[in-house]
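Scroll down for the structure; my scribbles are underneath it.
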Amino acid sequence: MNRLSFLIARTLRQDAPLAALSVPRGDLMADLAGKRVALVGNARSLADGNEGAEIDAADLVIRINRAPMPASRTHGTRTDWLALATSIGAEDMSRIQPRRMLWMSHKRKRLPWPVAASDGFYLHPRVDWSDLHNRLGAPPTTGLMMIDLLASSDLTALRLHGFDFFASLSLTGSRRADQVPHDFAAEKQFVDALMTRDPRVTQAGT
């Protein structure tokens, strides 16, 4: 698919041609099997800790959206995968340099061509977004979508960094919890329940 065909499919909301650009879910799962994964959220509280070395020691480091990394001591330096639900500029892309990009949003009109055309690109199915939305009773955050996806794989360990469910707000903006469309209490309950039944999933800083 060339850029013009992509723009037409995106404008007309034709999901099948866009999905054809994605690696199969099975390929993604195979890349996760046996890995120790660090999923790095964007909570401001992460900047108060010293989790950078632990993050970089993981087999696979996944960051979210614009992936702020104010200091290597707190956030580490590596980004293997970048999970997106928003547009991202060339400056941030040059800074982050992910090996793989995943488009997690159900809003295909926001999907940028450089992301869709990148090596290893993964398009998260809309049905998965809808299922998680129904379970939460609210639109899921990019972070929760990734947690749900990763927990379905055969990874060895999933360590969460920078997830406080908006208690300290986000490093990427100034909005309060009541100014975003997510239910952070429901997301915390979801993750707490997941950690209770799946010992592979743990949260740093707790």
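Identifiers in the structure tokens: chain A, B, ... in order shown; residue index from 1 per chain; ligand index from 1 in order shown.
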Name all residues at most 9 Å from Leu111 in chain A (count only C-alpha atoms; drop same-chain ones fewer than 6 positions away) and give them as a PDB file with N, CA and C atoms, in the first residue's frame.
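Everything below was put into around_5.pdb:
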ATOM      1  N   ARG A  10      -7.881   5.327   5.236  1.00  0.00           N
ATOM      2  CA  ARG A  10      -8.052   5.947   6.554  1.00  0.00           C
ATOM      3  C   ARG A  10      -9.237   6.911   6.560  1.00  0.00           C
ATOM      4  N   LEU A  84       1.064   3.553  20.826  1.00  0.00           N
ATOM      5  CA  LEU A  84       0.525   4.876  20.531  1.00  0.00           C
ATOM      6  C   LEU A  84      -0.992   4.890  20.441  1.00  0.00           C
ATOM      7  N   ALA A  85      -1.559   6.020  20.885  1.00  0.00           N
ATOM      8  CA  ALA A  85      -2.966   6.305  20.613  1.00  0.00           C
ATOM      9  C   ALA A  85      -3.116   7.777  20.278  1.00  0.00           C
ATOM     10  N   THR A  86      -2.000   8.394  19.906  1.00  0.00           N
ATOM     11  CA  THR A  86      -1.979   9.797  19.550  1.00  0.00           C
ATOM     12  C   THR A  86      -0.900  10.027  18.504  1.00  0.00           C
ATOM     13  N   SER A  87      -0.986  11.138  17.808  1.00  0.00           N
ATOM     14  CA  SER A  87       0.053  11.461  16.832  1.00  0.00           C
ATOM     15  C   SER A  87       1.357  11.768  17.553  1.00  0.00           C
ATOM     16  N   TRP A 103      -0.229   0.714  17.125  1.00  0.00           N
ATOM     17  CA  TRP A 103      -1.327   1.680  17.176  1.00  0.00           C
ATOM     18  C   TRP A 103      -2.467   1.034  17.947  1.00  0.00           C
ATOM     19  N   SER A 105      -5.175   2.757  19.418  1.00  0.00           N
ATOM     20  CA  SER A 105      -6.442   3.474  19.388  1.00  0.00           C
ATOM     21  C   SER A 105      -7.410   2.894  18.363  1.00  0.00           C
TER      22      SER A 105
END
Find the residues around Glu51 in chain A up to 9 Å (only C-alpha atoms counted), leave out those fewer than 5 positions away in its own chain, and share them as a list in words.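 Those residues are Leu46, Asp56, Ser72, Arg73, Thr74, His75, Gly76, His161, Ala204 and Gly205 of chain A.
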Of the candidates A:Thr172, A:Ile96, A:Lys35, A:Gly162, which shows the shortest atom-to-atom distance to Asn50 in chain A, using only C-alpha atoms?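 When distances to Asn50 in chain A are compared using only C-alpha atoms, the smallest one comes from A:Gly162.
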At a cut-off of 7 Å, using only C-alpha atoms, what residues contact His106 in chain A? Leave out same-chain residues fewer than 2 positions from it and give the result as a PDB file with N, CA and C atoms, in the first residue's frame.
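Saved result, result.pdb, follows:
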ATOM      1  N   MET A 104      -2.732   1.556  19.145  1.00  0.00           N
ATOM      2  CA  MET A 104      -3.691   0.937  20.045  1.00  0.00           C
ATOM      3  C   MET A 104      -5.073   1.572  19.967  1.00  0.00           C
ATOM      4  N   ARG A 108      -8.906   5.328  13.840  1.00  0.00           N
ATOM      5  CA  ARG A 108      -7.960   5.126  12.742  1.00  0.00           C
ATOM      6  C   ARG A 108      -7.585   6.430  12.045  1.00  0.00           C
ATOM      7  N   ARG A 126     -10.022  -3.253  16.610  1.00  0.00           N
ATOM      8  CA  ARG A 126     -11.076  -2.455  17.247  1.00  0.00           C
ATOM      9  C   ARG A 126     -11.912  -3.290  18.217  1.00  0.00           C
ATOM     10  N   TRP A 129     -10.436  -3.276  21.621  1.00  0.00           N
ATOM     11  CA  TRP A 129     -10.698  -2.002  22.302  1.00  0.00           C
ATOM     12  C   TRP A 129     -12.127  -1.988  22.842  1.00  0.00           C
TER      13      TRP A 129
END
My list of candidates is A:Ile64, A:Met29, A:Leu169, A:Ala38. Which is closest to Ser152 in chain A when distances are computed with only C-alpha atoms?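 Nearest candidate to Ser152 in chain A out of A:Ile64, A:Met29, A:Leu169, A:Ala38: A:Met29.
Of note, CA of Leu21 in chain A and CA of Ala116 in chain A are spaced 6.7 Å apart.
With only C-alpha atoms as the atoms that count, the residue of A:Val61, A:Ala138, A:Met146, A:Leu102 with the shortest distance to Pro181 in chain A is A:Ala138.
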Kindly indicate which residue among A:Ala9, A:Leu18, A:Ala151, A:Met145 lies nearest to Ser130 in chain A, using only C-alpha atoms for the distances.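 Nearest candidate to Ser130 in chain A out of A:Ala9, A:Leu18, A:Ala151, A:Met145: A:Met145.
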Which is closer to Arg36 in chain A than all the others in A:Leu160, A:Ile8, A:Leu132, A:Ala83, using only C-alpha atoms?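 Comparing A:Leu160, A:Ile8, A:Leu132, A:Ala83 against Arg36 in chain A, the winner is A:Leu160.
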Work out how far CA of Pro68 in chain A is from CA of Leu171 in chain A, in Å to one decimal. 6.8 Å
